[in-house]
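Notes for the one structure printed next.
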Amino acid sequence: MRRPALLLGTGAVVLVLALLAVWLVVLPDDRDTADDSTSTGPTTAQADLSTVLSDGFDDGTGRWEPLGDGVRIAQDQQVTRSGAGSLLVVGRTEAWHGAQVDVSGTLTPGVPHTVTAWVRLGLGGGADPTDDAAHRTGEVRLTLQRRDGGAGDDEYLHVAQVTATADEWMSLSGTVDLPAGDGTWRLYVETTGTLADLRMDDVLVQRPSSPVQSDLTGLRDAADVPVGTAVAGQDLTGRRADLLTQHFDQVTAENAMKPAVVQPVEGEFDFGPMDQILDFAVEHHLTVHGHVLVWHRSTPDWFVTAPDGRPLTDSPADQQLLRDRLRTHIQAVAAHLADRYGDNSPVTSWDVVNEAIDPAQSDGLRRSPWYTVLGPGYIADAFRTARDVLGPDVALYLNDYDTDAPERRRALVALVTDLLAHGVPLDGVGHQMHLRLGADVTRIDTTLAAVQALGVRQAVTELDIALTGPDQTLTAVTDDQLAAQGDLVREVVAAAVAHDIASITVWGLYDTRSWLRTWPTDRPLEAPLLFDDDLQAKPAYRGFLAGLGTSPNSDDN
Ligand code: XIL
């Protein structure tokens, strides 16, 4: 049974106004995007609120569902408040019919949440805008509901109500104190009377951020080797920077040093995003693992296109052109580093070639554009050029994923063996280690032992542990999953340390920043890193520490 919504008390209203003031300062740029390597970073105010849900309906209806029999929801691309889409709700035959989303795993009971949505009454696609219905008005409201909270009855928290029309977008916004305790939560939009179609866009749920846990043992202090994380500009200020420098003494630019960013057009270099990260590294005495020089996914098309627009072939002239372009690229990067940092460049290592392996090929090598033009020798060429230009003090890595898979391990060992036999200046192997719960640590251990036996260095370069596969949808993250993730991190880190690892890097500072949130599909609850959306340590942090052979501070729990 539905109950009247709870009304907010005076204290809550004051809180609403205070939070709203902060919120107004932070909109609209507070959304974390795993991909945003050029962001200039958050303001201090931004750092005070954590975004726990952000739905712009630009890729579809997300996790939203119809509310009520016969109701249908769809993404609409004709009427949007921002971006490519909005949510359209049609087929409403009761005022309470609308759209809902399960936010059980998203909200934190016991703390206030600010919820905002933009709404508008809407005509279905193709309706005549001169129709009277276009000008009707109606009350639209946003409600949070808790079920199975233990008290017997459902609870309804009234977020906001507004008089809407079909003519313009109206903001619905309010802050509610979420009671502590169990139960499932859903957020829904409905009307009080009108049965008009409903539109919604730009739903945002935020809550005050917790302080960074300064009493935790820094991972960097517990390790004998550099502990790294992938970063973008947005990680370098406020609380994120505090978390970064507390636990990590090395960074990898998540995107900012990739050729597609550095030289998107031949001869046009953009070192801005890279400088931002390297300047931070110098200021905070962090080392930098350079990522990346040759990678098919970040090789702009111009690299492998002739001046007349045709794809490069394996003719000697085209081969020379591609080799020259790579040398020019590396030289430009090296010259920039020398100009800016002199002898104090923070970049101590580079992924020279990334993801070259394909065990399905007879020679074990991926048929990338580099391979197509230059043949298998492109790998040795790239390392020789890198050594020549970058000098002897920078460690040169061959980096790849799923190196624990037996057929990929065999291809990797064969490739490295061959390169070393030919005197190629390869210093190390990078294991990306994008893992998933249930990963077999024995296989990882076997690969680490095999690479160690080759006499090169090795590093864990991009560690993350997904809770689910890309084809599964997480509806909630359980404590059991987080505990299992912690156990797996501990085992992986222990295996790495046992095999003389040169550094261990995680692919992102905290869960919100993980690339797996959006790759290969939207996975809004995926939580593959050591710190949660609120920058708080997860069991995975404690697992990392335990894997290094250190127990957490007693008050770390
Ligand atoms: C990913 C970044 O995290 C994303 O932001 C970007 O959109 C694509 O690349 N292996 C690699 C990394 O070597 O460069 C990738 O990083 C993740 C997979």
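Residue names in the structure tokens use chain letters A, B, ... in the order shown, residue numbers from 1 in each chain, and ligand numbers from 1 in the order shown.
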*Which protein, DNA or RNA residues have an atom within 8 Å of ligand 1, counting only C-alpha atoms and all ligand atoms, as a count of residues only?*
25
*Using DSSP on the backbone coordinates, identify all residues within stretch 140-324 of chain A classified as alpha helix (DSSP H); present the result as a PyMOL selection string.*
chain A and resi 219-222+238-247+259-262+272-283+316-324
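The interatomic distance for the pair atom CA of A:Ser315 and atom CA of A:Tyr371 works out to 12.9 Å.
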*Pick out the residues sitting within 9 Å of A:Arg207, and hand them over as a PyMOL selection string; count only C-alpha atoms, and ignore anything fewer than 5 positions along from it in its own chain.*
chain A and resi 19+48-52+107-108+111-115+175
File dump, residues just selected, N, CA, C and O atoms, as a JSON list (two decimals), in the first residue's frame:
[["chain", "number", "residue", "atom", "x", "y", "z"],
["A", 19, "LEU", "N", 22.92, 22.47, 1.05],
["A", 19, "LEU", "CA", 23.44, 21.55, 0.03],
["A", 19, "LEU", "C", 23.14, 22.06, -1.37],
["A", 19, "LEU", "O", 23.94, 21.93, -2.28],
["A", 48, "ASP", "N", 33.37, 18.19, -2.41],
["A", 48, "ASP", "CA", 32.60, 17.96, -1.20],
["A", 48, "ASP", "C", 31.36, 17.11, -1.41],
["A", 48, "ASP", "O", 30.72, 16.71, -0.46],
["A", 49, "LEU", "N", 30.98, 16.87, -2.64],
["A", 49, "LEU", "CA", 29.82, 16.04, -2.92],
["A", 49, "LEU", "C", 30.24, 14.88, -3.80],
["A", 49, "LEU", "O", 31.02, 15.05, -4.72],
["A", 50, "SER", "N", 29.70, 13.71, -3.51],
["A", 50, "SER", "CA", 29.95, 12.57, -4.39],
["A", 50, "SER", "C", 28.71, 12.30, -5.21],
["A", 50, "SER", "O", 27.60, 12.23, -4.66],
["A", 51, "THR", "N", 28.89, 12.13, -6.50],
["A", 51, "THR", "CA", 27.77, 11.78, -7.37],
["A", 51, "THR", "C", 27.58, 10.27, -7.34],
["A", 51, "THR", "O", 28.50, 9.52, -7.64],
["A", 52, "VAL", "N", 26.38, 9.83, -6.95],
["A", 52, "VAL", "CA", 26.16, 8.38, -6.88],
["A", 52, "VAL", "C", 25.27, 7.90, -8.02],
["A", 52, "VAL", "O", 25.23, 6.71, -8.33],
["A", 107, "LEU", "N", 22.41, 4.17, -2.98],
["A", 107, "LEU", "CA", 22.28, 5.12, -1.87],
["A", 107, "LEU", "C", 22.98, 4.58, -0.63],
["A", 107, "LEU", "O", 23.16, 3.38, -0.49],
["A", 108, "THR", "N", 23.34, 5.49, 0.25],
["A", 108, "THR", "CA", 23.94, 5.10, 1.52],
["A", 108, "THR", "C", 22.97, 5.43, 2.64],
["A", 108, "THR", "O", 22.78, 6.62, 2.95],
["A", 111, "VAL", "N", 22.58, 8.81, 5.58],
["A", 111, "VAL", "CA", 23.15, 10.13, 5.24],
["A", 111, "VAL", "C", 22.20, 10.87, 4.30],
["A", 111, "VAL", "O", 21.39, 10.25, 3.62],
["A", 112, "PRO", "N", 22.28, 12.21, 4.28],
["A", 112, "PRO", "CA", 21.40, 12.97, 3.38],
["A", 112, "PRO", "C", 21.81, 12.81, 1.91],
["A", 112, "PRO", "O", 23.00, 12.68, 1.62],
["A", 113, "HIS", "N", 20.84, 12.77, 1.04],
["A", 113, "HIS", "CA", 21.10, 12.72, -0.40],
["A", 113, "HIS", "C", 20.36, 13.86, -1.08],
["A", 113, "HIS", "O", 19.21, 14.13, -0.75],
["A", 114, "THR", "N", 21.02, 14.49, -2.02],
["A", 114, "THR", "CA", 20.38, 15.52, -2.84],
["A", 114, "THR", "C", 20.01, 14.90, -4.18],
["A", 114, "THR", "O", 20.87, 14.34, -4.85],
["A", 115, "VAL", "N", 18.74, 15.01, -4.52],
["A", 115, "VAL", "CA", 18.25, 14.40, -5.77],
["A", 115, "VAL", "C", 17.73, 15.51, -6.66],
["A", 115, "VAL", "O", 16.99, 16.39, -6.21],
["A", 175, "THR", "N", 16.66, 17.63, -0.89],
["A", 175, "THR", "CA", 17.59, 16.80, -0.13],
["A", 175, "THR", "C", 16.81, 16.07, 0.94],
["A", 175, "THR", "O", 15.99, 16.67, 1.62]]
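Counting only C-alpha atoms and comparing A:Leu144, A:Ala496, A:Leu53, A:Ala196, the residue that lies closest to A:Val89 is A:Ala196.
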